[in-house]
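Asks: Structure: data23.pdb, PDB, C-alpha atoms.
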ATOM      1  CA  MET L  25     212.330  33.510 114.379
ATOM      2  CA  THR L  26     212.122  31.729 117.712
ATOM      3  CA  PHE L  27     214.252  28.735 118.610
ATOM      4  CA  THR L  28     213.120  26.483 121.456
ATOM      5  CA  GLU L  29     213.845  23.010 120.129
ATOM      6  CA  ALA L  30     215.891  20.708 122.338
ATOM      7  CA  ALA L  31     218.027  19.423 119.434
ATOM      8  CA  PHE L  32     221.535  20.811 118.936
ATOM      9  CA  LEU L  33     222.401  21.018 115.259
ATOM     10  CA  ASP L  34     226.141  21.661 115.372
ATOM     11  CA  ARG L  35     228.462  19.139 117.043
ATOM     12  CA  GLU L  36     231.337  21.555 117.581
ATOM     13  CA  SER L  37     229.125  24.196 119.201
ATOM     14  CA  LEU L  38     227.539  21.532 121.407
ATOM     15  CA  LEU L  39     230.945  20.315 122.637
ATOM     16  CA  GLN L  40     232.011  23.910 123.343
ATOM     17  CA  ALA L  41     228.739  24.564 125.196
ATOM     18  CA  LEU L  42     229.229  21.422 127.299
ATOM     19  CA  ALA L  43     232.744  22.614 128.172
ATOM     20  CA  GLU L  44     231.322  26.021 129.179
ATOM     21  CA  CYS L  45     228.931  24.180 131.502
ATOM     22  CA  GLY L  46     231.912  22.416 133.088
ATOM     23  CA  TYR L  47     231.731  19.147 131.158
ATOM     24  CA  GLU L  48     234.943  19.043 129.200
ATOM     25  CA  THR L  49     235.466  15.296 129.228
ATOM     26  CA  VAL L  50     233.182  13.659 126.709
ATOM     27  CA  GLU L  51     233.197  10.364 124.831
ATOM     28  CA  GLU L  52     232.203  10.095 121.210
ATOM     29  CA  GLY L  53     231.266   7.004 119.274
ATOM     30  CA  SER L  54     228.672   5.530 116.962
ATOM     31  CA  ALA L  55     226.434   3.940 119.616
ATOM     32  CA  LEU L  56     227.838   4.350 123.107
ATOM     33  CA  SER L  57     225.996   2.597 125.919
ATOM     34  CA  LEU L  58     224.654   4.711 128.749
ATOM     35  CA  TYR L  59     224.881   3.652 132.394
ATOM     36  CA  GLY L  60     222.784   4.553 135.385
ATOM     37  CA  TYR L  61     224.048   5.690 138.807
ATOM     38  CA  ARG L  62     224.221   2.079 140.018
ATOM     39  CA  GLY L  63     226.298   1.005 137.041
ATOM     40  CA  ASP L  64     223.287  -0.532 135.334
ATOM     41  CA  ARG L  65     223.365  -0.438 131.572
ATOM     42  CA  ARG L  66     220.476   1.510 130.123
ATOM     43  CA  ALA L  67     218.556   0.700 126.951
ATOM     44  CA  GLU L  68     219.489   4.006 125.294
ATOM     45  CA  THR L  69     222.667   4.685 123.324
ATOM     46  CA  ALA L  70     224.146   7.976 122.200
ATOM     47  CA  GLN L  71     226.891   9.419 120.013
ATOM     48  CA  ILE L  72     228.180  11.911 122.615
ATOM     49  CA  VAL L  73     228.340  10.932 126.286
ATOM     50  CA  VAL L  74     229.331  12.648 129.525
ATOM     51  CA  ARG L  75     229.960   9.869 132.044
ATOM     52  CA  ARG L  76     228.253  10.079 135.408
ATOM     53  CA  GLN L  77     231.505  10.299 137.393
ATOM     54  CA  PHE L  78     231.984  13.754 135.883
ATOM     55  CA  ILE L  79     228.471  14.841 136.817
ATOM     56  CA  GLY L  80     227.715  13.695 140.354
ATOM     57  CA  SER L  81     227.665  10.627 142.603
ATOM     58  CA  ALA L  82     223.914  10.136 142.230
ATOM     59  CA  SER L  83     223.789  11.045 138.549
ATOM     60  CA  ASN L  84     223.399   8.913 135.457
ATOM     61  CA  ASP L  85     225.337   9.191 132.202
ATOM     62  CA  LEU L  86     224.293  12.113 130.054
ATOM     63  CA  GLY L  87     223.965  11.355 126.350
ATOM     64  CA  PHE L  88     223.285  13.163 123.090
ATOM     65  CA  LEU L  89     221.690  11.092 120.369
ATOM     66  CA  LYS L  90     222.290  12.136 116.794
ATOM     67  CA  THR L  91     219.065  12.535 114.789
ATOM     68  CA  ASP L  92     218.090  14.281 111.551
ATOM     69  CA  ALA L  93     217.148  17.328 113.630
ATOM     70  CA  GLY L  94     220.478  17.378 115.455
ATOM     71  CA  TYR L  95     221.791  16.001 118.752
ATOM     72  CA  VAL L  96     218.941  15.324 121.173
ATOM     73  CA  PRO L  97     219.721  15.089 124.922
ATOM     74  CA  VAL L  98     219.228  11.713 126.616
ATOM     75  CA  ILE L  99     218.895  12.729 130.244
ATOM     76  CA  SER L 100     217.139  11.039 133.136
ATOM     77  CA  GLU L 101     214.278  12.716 134.965
ATOM     78  CA  TYR L 102     216.438  12.844 138.087
ATOM     79  CA  ASP L 103     219.267  14.652 136.313
ATOM     80  CA  ARG L 104     216.837  16.939 134.512
ATOM     81  CA  ARG L 105     215.629  18.061 137.939
ATOM     82  CA  TYR L 106     218.943  18.201 139.801
ATOM     83  CA  MET L 107     221.786  18.980 137.389
ATOM     84  CA  MET L 108     222.666  22.622 137.921
ATOM     85  CA  GLU L 109     219.589  22.933 140.140
ATOM     86  CA  GLY L 110     217.340  21.920 137.287
ATOM     87  CA  LYS L 111     218.737  24.500 134.874
ATOM     88  CA  PHE L 112     221.312  22.416 133.038
ATOM     89  CA  LEU L 113     219.444  22.295 129.714
ATOM     90  CA  ALA L 114     218.731  26.035 129.858
ATOM     91  CA  HIS L 115     222.428  26.756 130.562
ATOM     92  CA  LEU L 116     223.503  24.378 127.816
ATOM     93  CA  ARG L 117     221.102  25.899 125.317
ATOM     94  CA  THR L 118     222.218  29.427 126.296
ATOM     95  CA  ASN L 119     225.903  28.566 125.853
ATOM     96  CA  TYR L 120     225.169  26.741 122.604
ATOM     97  CA  ASN L 121     223.275  29.709 121.180
ATOM     98  CA  LEU L 122     226.080  32.069 122.196
ATOM     99  CA  LYS L 123     228.529  29.892 120.269
ATOM    100  CA  SER L 124     226.099  29.758 117.349
ATOM    101  CA  ALA L 125     225.863  33.568 117.314
ATOM    102  CA  GLU L 126     229.678  33.850 117.252
ATOM    103  CA  LYS L 127     229.835  31.397 114.380
ATOM    104  CA  LEU L 128     227.124  33.296 112.528
ATOM    105  CA  ALA L 129     229.028  36.582 112.906
ATOM    106  CA  ARG L 130     232.203  34.946 111.564
ATOM    107  CA  ARG L 131     230.329  33.448 108.643
ATOM    108  CA  LEU L 132     228.793  36.808 107.736
ATOM    109  CA  ARG L 133     232.131  38.563 108.395
ATOM    110  CA  GLY L 134     230.234  40.864 110.705
ATOM    111  CA  THR L 135     230.835  42.495 114.059
ATOM    112  CA  LEU L 136     229.159  41.205 117.195
ATOM    113  CA  HIS L 137     228.076  43.332 120.154
ATOM    114  CA  ARG L 138     226.742  41.711 123.261
ATOM    115  CA  GLU L 139     225.104  43.047 126.415
ATOM    116  CA  ARG L 140     223.195  41.575 129.315
ATOM    117  CA  VAL L 141     219.835  43.014 130.267
ATOM    118  CA  GLY L 142     218.498  41.193 133.304
ATOM    119  CA  SER L 143     218.182  37.527 132.410
ATOM    120  CA  THR L 144     218.415  38.224 128.646
ATOM    121  CA  ILE L 145     221.578  38.335 126.591
ATOM    122  CA  LYS L 146     221.126  40.728 123.664
ATOM    123  CA  ILE L 147     223.368  40.368 120.654
ATOM    124  CA  ARG L 148     223.619  42.525 117.539
ATOM    125  CA  ILE L 149     225.468  41.296 114.492
ATOM    126  CA  LYS L 150     226.171  44.000 111.908
ATOM    127  CA  TYR L 151     227.434  42.846 108.545
TER     128      TYR L 151
ATOM    129  CA  MET K   6     223.619  48.178 107.075
ATOM    130  CA  PRO K   7     221.888  44.843 107.664
ATOM    131  CA  GLU K   8     221.732  43.654 111.219
ATOM    132  CA  ILE K   9     220.665  40.546 113.103
ATOM    133  CA  GLU K  10     219.247  40.984 116.571
ATOM    134  CA  ILE K  11     219.414  37.992 118.886
ATOM    135  CA  ALA K  12     217.873  37.739 122.341
ATOM    136  CA  ILE K  13     218.736  34.708 124.489
ATOM    137  CA  ASN K  14     216.606  34.056 127.564
ATOM    138  CA  THR K  15     219.136  32.596 130.001
ATOM    139  CA  GLU K  16     216.343  31.169 132.205
ATOM    140  CA  THR K  17     215.028  28.896 129.456
ATOM    141  CA  GLY K  18     217.588  29.035 126.633
ATOM    142  CA  GLU K  19     214.849  30.239 124.273
ATOM    143  CA  THR K  20     216.248  32.475 121.559
ATOM    144  CA  ASP K  21     214.568  35.062 119.364
ATOM    145  CA  THR K  22     216.191  36.443 116.237
ATOM    146  CA  ALA K  23     215.189  39.308 113.950
ATOM    147  CA  ILE K  24     216.689  40.519 110.689
ATOM    148  CA  LYS K  25     216.772  44.284 110.247
ATOM    149  CA  GLY K  26     217.780  46.554 107.390
ATOM    150  CA  ILE K  27     216.922  44.299 104.465
ATOM    151  CA  ALA K  28     213.846  45.168 102.422
ATOM    152  CA  GLY K  29     211.830  42.505 100.648
ATOM    153  CA  PRO K  30     212.403  38.744 100.263
ATOM    154  CA  ALA K  31     216.185  39.260 100.065
ATOM    155  CA  CYS K  32     216.218  38.595 103.808
ATOM    156  CA  GLU K  33     215.370  34.933 103.099
ATOM    157  CA  LYS K  34     219.025  34.296 102.356
ATOM    158  CA  THR K  35     220.037  35.606 105.773
ATOM    159  CA  ALA K  36     217.181  33.663 107.372
ATOM    160  CA  GLU K  37     218.615  30.446 105.901
ATOM    161  CA  VAL K  38     222.053  31.222 107.343
ATOM    162  CA  ILE K  39     220.449  31.817 110.759
ATOM    163  CA  LYS K  40     218.612  28.482 110.566
ATOM    164  CA  GLN K  41     221.866  26.715 109.709
ATOM    165  CA  ALA K  42     223.385  28.224 112.853
ATOM    166  CA  PHE K  43     220.494  27.780 115.313
ATOM    167  CA  GLY K  44     218.452  24.919 113.877
ATOM    168  CA  LYS K  45     214.786  24.647 113.042
ATOM    169  CA  PRO K  46     212.720  27.569 114.378
ATOM    170  CA  THR K  47     209.539  26.858 116.324
ATOM    171  CA  ARG K  48     208.126  30.158 115.103
ATOM    172  CA  ASP K  49     208.960  32.031 111.915
ATOM    173  CA  GLU K  50     207.181  35.315 111.174
ATOM    174  CA  LYS K  51     207.758  37.773 108.381
ATOM    175  CA  THR K  52     208.077  41.381 109.522
ATOM    176  CA  ARG K  53     206.752  44.413 107.751
ATOM    177  CA  ASP K  54     210.141  44.915 106.060
ATOM    178  CA  TYR K  55     209.630  41.650 104.173
ATOM    179  CA  TYR K  56     206.711  43.137 102.279
ATOM    180  CA  VAL K  57     208.489  46.367 101.364
ATOM    181  CA  GLN K  58     209.496  46.589  97.727
ATOM    182  CA  PRO K  59     213.244  47.239  97.553
ATOM    183  CA  GLN K  60     213.938  50.536  95.786
ATOM    184  CA  VAL K  61     215.716  50.144  92.487
ATOM    185  CA  ARG K  62     217.709  53.077  91.232
ATOM    186  CA  ARG K  63     217.828  53.448  87.520
ATOM    187  CA  GLN K  64     220.538  55.199  85.693
ATOM    188  CA  ILE K  65     219.823  56.133  82.116
ATOM    189  CA  LYS K  66     222.801  57.163  80.085
ATOM    190  CA  GLY K  67     222.363  59.218  76.955
ATOM    191  CA  LYS K  68     224.150  58.501  73.707
TER     192      LYS K  68
END
How does this structure look as structure tokens?

Replies:
Amino acid sequence: MTFTEAAFLDRESLLQALAECGYETVEEGSALSLYGYRGDRRAETAQIVVRRQFIGSASNDLGFLKTDAGYVPVISEYDRRYMMEGKFLAHLRTNYNLKSAEKLARRLRGTLHRERVGSTIKIRIKY
Amino acid sequence: MPEIEIAINTETGETDTAIKGIAGPACEKTAEVIKQAFGKPTRDEKTRDYYVQPQVRRQIKGK
């Protein structure tokens, strides 16, 4: 099975992945407003928000909107291109999937072995 | 021993998973657990192992 969707199903794993990316301070609420880099209120709302002061001086708020498919990122085109040199979502997804693999191993009461081969992280869960 | 292989492409975040060591449709249960962990797959293919009939050992006891 291949997983490429942008939605993050598990809230706890998402928060842990954000922390791994350096974004430990998050706000949670039912419909939090998002603000742009000039302090302008945006039309979008989200349930999980990283405020722009924790991202960068020219950045906008980063949000995650809860949907049936999971938490979907609400990220401006600017931030998509410049956060972590354009690789923020890839880093976030990588960290999220690592957390998901750890959770899966615990759920199956299995052992997890991990190794890095170039730009690929290979994991084996034996159970 | 059943095994799940996971490969995470750190450049894109794309993740591939494969279930090994389970013959037949019994792997569907593990596939569901994987989907609960990772979300909805964009591609889901059945491997050759899926179509293998699991061997059933019979033990016949005499009276």

Asks: If the PyMOL selection byres ((chain L) within 9 of (chain K)) were run on this exact file, what residues would it hold? Put them as a PyMOL selection string.

Replies: chain L and resi 25-29+31-34+93-94+111+113-122+124-125+127-128+131-132+134+143-151

Asks: Quick one: write out the picked residues with C-alpha atoms as a PDB file, keeping the file's coordinate frame?

Replies:
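New file again_31.pdb:
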ATOM      1  CA  MET L  25     212.330  33.510 114.379  1.00  0.00           C
ATOM      2  CA  THR L  26     212.122  31.729 117.712  1.00  0.00           C
ATOM      3  CA  PHE L  27     214.252  28.735 118.610  1.00  0.00           C
ATOM      4  CA  THR L  28     213.120  26.483 121.456  1.00  0.00           C
ATOM      5  CA  GLU L  29     213.845  23.010 120.129  1.00  0.00           C
ATOM      6  CA  ALA L  31     218.027  19.423 119.434  1.00  0.00           C
ATOM      7  CA  PHE L  32     221.535  20.811 118.936  1.00  0.00           C
ATOM      8  CA  LEU L  33     222.401  21.018 115.259  1.00  0.00           C
ATOM      9  CA  ASP L  34     226.141  21.661 115.372  1.00  0.00           C
ATOM     10  CA  ALA L  93     217.148  17.328 113.630  1.00  0.00           C
ATOM     11  CA  GLY L  94     220.478  17.378 115.455  1.00  0.00           C
ATOM     12  CA  LYS L 111     218.737  24.500 134.874  1.00  0.00           C
ATOM     13  CA  LEU L 113     219.444  22.295 129.714  1.00  0.00           C
ATOM     14  CA  ALA L 114     218.731  26.035 129.858  1.00  0.00           C
ATOM     15  CA  HIS L 115     222.428  26.756 130.562  1.00  0.00           C
ATOM     16  CA  LEU L 116     223.503  24.378 127.816  1.00  0.00           C
ATOM     17  CA  ARG L 117     221.102  25.899 125.317  1.00  0.00           C
ATOM     18  CA  THR L 118     222.218  29.427 126.296  1.00  0.00           C
ATOM     19  CA  ASN L 119     225.903  28.566 125.853  1.00  0.00           C
ATOM     20  CA  TYR L 120     225.169  26.741 122.604  1.00  0.00           C
ATOM     21  CA  ASN L 121     223.275  29.709 121.180  1.00  0.00           C
ATOM     22  CA  LEU L 122     226.080  32.069 122.196  1.00  0.00           C
ATOM     23  CA  SER L 124     226.099  29.758 117.349  1.00  0.00           C
ATOM     24  CA  ALA L 125     225.863  33.568 117.314  1.00  0.00           C
ATOM     25  CA  LYS L 127     229.835  31.397 114.380  1.00  0.00           C
ATOM     26  CA  LEU L 128     227.124  33.296 112.528  1.00  0.00           C
ATOM     27  CA  ARG L 131     230.329  33.448 108.643  1.00  0.00           C
ATOM     28  CA  LEU L 132     228.793  36.808 107.736  1.00  0.00           C
ATOM     29  CA  GLY L 134     230.234  40.864 110.705  1.00  0.00           C
ATOM     30  CA  SER L 143     218.182  37.527 132.410  1.00  0.00           C
ATOM     31  CA  THR L 144     218.415  38.224 128.646  1.00  0.00           C
ATOM     32  CA  ILE L 145     221.578  38.335 126.591  1.00  0.00           C
ATOM     33  CA  LYS L 146     221.126  40.728 123.664  1.00  0.00           C
ATOM     34  CA  ILE L 147     223.368  40.368 120.654  1.00  0.00           C
ATOM     35  CA  ARG L 148     223.619  42.525 117.539  1.00  0.00           C
ATOM     36  CA  ILE L 149     225.468  41.296 114.492  1.00  0.00           C
ATOM     37  CA  LYS L 150     226.171  44.000 111.908  1.00  0.00           C
ATOM     38  CA  TYR L 151     227.434  42.846 108.545  1.00  0.00           C
TER      39      TYR L 151
END

Asks: For the PyMOL selection byres ((chain L and resi 96) around 10), applied here, can you spell out every residue it catches as a count of residues only?

Replies: 20

Asks: Take CA of Gly142 (chain L) and CA of Met108 (chain L) and report the distance between them in Å, one decimal.

Replies: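 If I compute the distance from CA of Gly142 (chain L) to CA of Met108 (chain L), I get 19.6 Å.
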
Asks: From the coordinates supplied, region 6-41 of chain K should be written with N, CA, C and O atoms, as a compact mmCIF listing (two decimals), in the first residue's frame.

Replies:
# COMPACT_ATOMS: atom_id res chain seq x y z
N MET K 6 7.06 -15.94 10.65
CA MET K 6 6.63 -14.82 11.51
C MET K 6 6.19 -13.66 10.61
O MET K 6 6.92 -13.24 9.73
N PRO K 7 4.99 -13.17 10.80
CA PRO K 7 4.52 -12.07 9.94
C PRO K 7 5.38 -10.82 10.14
O PRO K 7 5.92 -10.59 11.22
N GLU K 8 5.43 -10.05 9.08
CA GLU K 8 6.30 -8.88 9.10
C GLU K 8 5.67 -7.77 8.26
O GLU K 8 5.02 -8.04 7.24
N ILE K 9 5.86 -6.54 8.70
CA ILE K 9 5.42 -5.40 7.88
C ILE K 9 6.66 -4.63 7.49
O ILE K 9 7.46 -4.25 8.35
N GLU K 10 6.81 -4.40 6.20
CA GLU K 10 7.93 -3.60 5.72
C GLU K 10 7.41 -2.22 5.35
O GLU K 10 6.40 -2.09 4.68
N ILE K 11 8.11 -1.22 5.84
CA ILE K 11 7.70 0.18 5.59
C ILE K 11 8.90 0.93 5.02
O ILE K 11 10.00 0.80 5.53
N ALA K 12 8.65 1.67 3.95
CA ALA K 12 9.72 2.48 3.36
C ALA K 12 9.22 3.91 3.26
O ALA K 12 8.22 4.17 2.59
N ILE K 13 9.91 4.82 3.95
CA ILE K 13 9.49 6.24 3.95
C ILE K 13 10.50 7.04 3.13
O ILE K 13 11.70 7.05 3.45
N ASN K 14 10.02 7.68 2.09
CA ASN K 14 10.86 8.54 1.26
C ASN K 14 10.93 9.90 1.95
O ASN K 14 9.95 10.63 2.00
N THR K 15 12.10 10.22 2.51
CA THR K 15 12.22 11.45 3.30
C THR K 15 12.19 12.70 2.42
O THR K 15 11.99 13.80 2.93
N GLU K 16 12.36 12.54 1.11
CA GLU K 16 12.30 13.71 0.21
C GLU K 16 10.87 14.17 -0.01
O GLU K 16 10.59 15.35 -0.21
N THR K 17 9.94 13.20 -0.01
CA THR K 17 8.54 13.52 -0.31
C THR K 17 7.58 13.18 0.82
O THR K 17 6.47 13.67 0.86
N GLY K 18 8.01 12.30 1.73
CA GLY K 18 7.11 11.81 2.78
C GLY K 18 6.28 10.62 2.33
O GLY K 18 5.58 10.00 3.13
N GLU K 19 6.38 10.26 1.06
CA GLU K 19 5.60 9.12 0.54
C GLU K 19 6.05 7.83 1.22
O GLU K 19 7.24 7.63 1.44
N THR K 20 5.09 7.01 1.55
CA THR K 20 5.38 5.80 2.33
C THR K 20 4.77 4.58 1.66
O THR K 20 3.59 4.59 1.29
N ASP K 21 5.58 3.54 1.52
CA ASP K 21 5.11 2.27 0.98
C ASP K 21 5.12 1.24 2.09
O ASP K 21 6.06 1.21 2.90
N THR K 22 4.10 0.40 2.14
CA THR K 22 4.08 -0.66 3.14
C THR K 22 3.82 -1.99 2.44
O THR K 22 3.17 -2.03 1.38
N ALA K 23 4.33 -3.07 3.01
CA ALA K 23 4.07 -4.40 2.46
C ALA K 23 3.95 -5.38 3.61
O ALA K 23 4.70 -5.29 4.59
N ILE K 24 3.01 -6.28 3.50
CA ILE K 24 2.80 -7.30 4.54
C ILE K 24 3.44 -8.59 4.03
O ILE K 24 3.16 -9.03 2.92
N LYS K 25 4.27 -9.18 4.84
CA LYS K 25 4.95 -10.42 4.44
C LYS K 25 4.65 -11.51 5.46
O LYS K 25 4.44 -11.24 6.64
N GLY K 26 4.66 -12.75 4.97
CA GLY K 26 4.57 -13.90 5.88
C GLY K 26 3.16 -14.31 6.27
O GLY K 26 2.99 -15.10 7.19
N ILE K 27 2.17 -13.75 5.58
CA ILE K 27 0.79 -14.18 5.84
C ILE K 27 0.18 -14.63 4.52
O ILE K 27 0.10 -13.84 3.58
N ALA K 28 -0.22 -15.90 4.47
CA ALA K 28 -0.79 -16.44 3.23
C ALA K 28 -2.29 -16.20 3.19
O ALA K 28 -2.96 -16.30 4.22
N GLY K 29 -2.79 -15.87 2.02
CA GLY K 29 -4.24 -15.76 1.84
C GLY K 29 -4.83 -14.46 2.37
O GLY K 29 -4.10 -13.55 2.79
N PRO K 30 -6.17 -14.36 2.35
CA PRO K 30 -6.85 -13.12 2.75
C PRO K 30 -6.71 -12.77 4.24
O PRO K 30 -7.21 -11.72 4.66
N ALA K 31 -6.06 -13.62 5.02
CA ALA K 31 -5.86 -13.30 6.44
C ALA K 31 -5.08 -12.01 6.64
O ALA K 31 -5.17 -11.36 7.68
N CYS K 32 -4.36 -11.60 5.59
CA CYS K 32 -3.56 -10.36 5.71
C CYS K 32 -4.45 -9.12 5.71
O CYS K 32 -4.00 -8.03 6.05
N GLU K 33 -5.73 -9.29 5.35
CA GLU K 33 -6.64 -8.14 5.30
C GLU K 33 -6.76 -7.49 6.68
O GLU K 33 -6.90 -6.27 6.80
N LYS K 34 -6.72 -8.33 7.70
CA LYS K 34 -6.83 -7.81 9.07
C LYS K 34 -5.66 -6.87 9.39
O LYS K 34 -5.85 -5.78 9.93
N THR K 35 -4.47 -7.32 9.00
CA THR K 35 -3.27 -6.49 9.22
C THR K 35 -3.34 -5.24 8.35
O THR K 35 -2.95 -4.16 8.78
N ALA K 36 -3.85 -5.39 7.14
CA ALA K 36 -3.98 -4.24 6.23
C ALA K 36 -4.88 -3.17 6.86
O ALA K 36 -4.60 -1.97 6.76
N GLU K 37 -5.94 -3.60 7.53
CA GLU K 37 -6.85 -2.64 8.18
C GLU K 37 -6.13 -1.90 9.29
O GLU K 37 -6.30 -0.68 9.46
N VAL K 38 -5.31 -2.62 10.07
CA VAL K 38 -4.56 -1.98 11.16
C VAL K 38 -3.58 -0.96 10.58
O VAL K 38 -3.40 0.13 11.14
N ILE K 39 -2.97 -1.29 9.46
CA ILE K 39 -2.03 -0.36 8.81
C ILE K 39 -2.77 0.90 8.35
O ILE K 39 -2.30 2.02 8.52
N LYS K 40 -3.94 0.71 7.77
CA LYS K 40 -4.73 1.87 7.31
C LYS K 40 -5.16 2.75 8.47
O LYS K 40 -5.22 3.98 8.35
N GLN K 41 -5.46 2.14 9.61
CA GLN K 41 -5.82 2.94 10.79
C GLN K 41 -4.63 3.77 11.26
O GLN K 41 -4.81 4.85 11.80
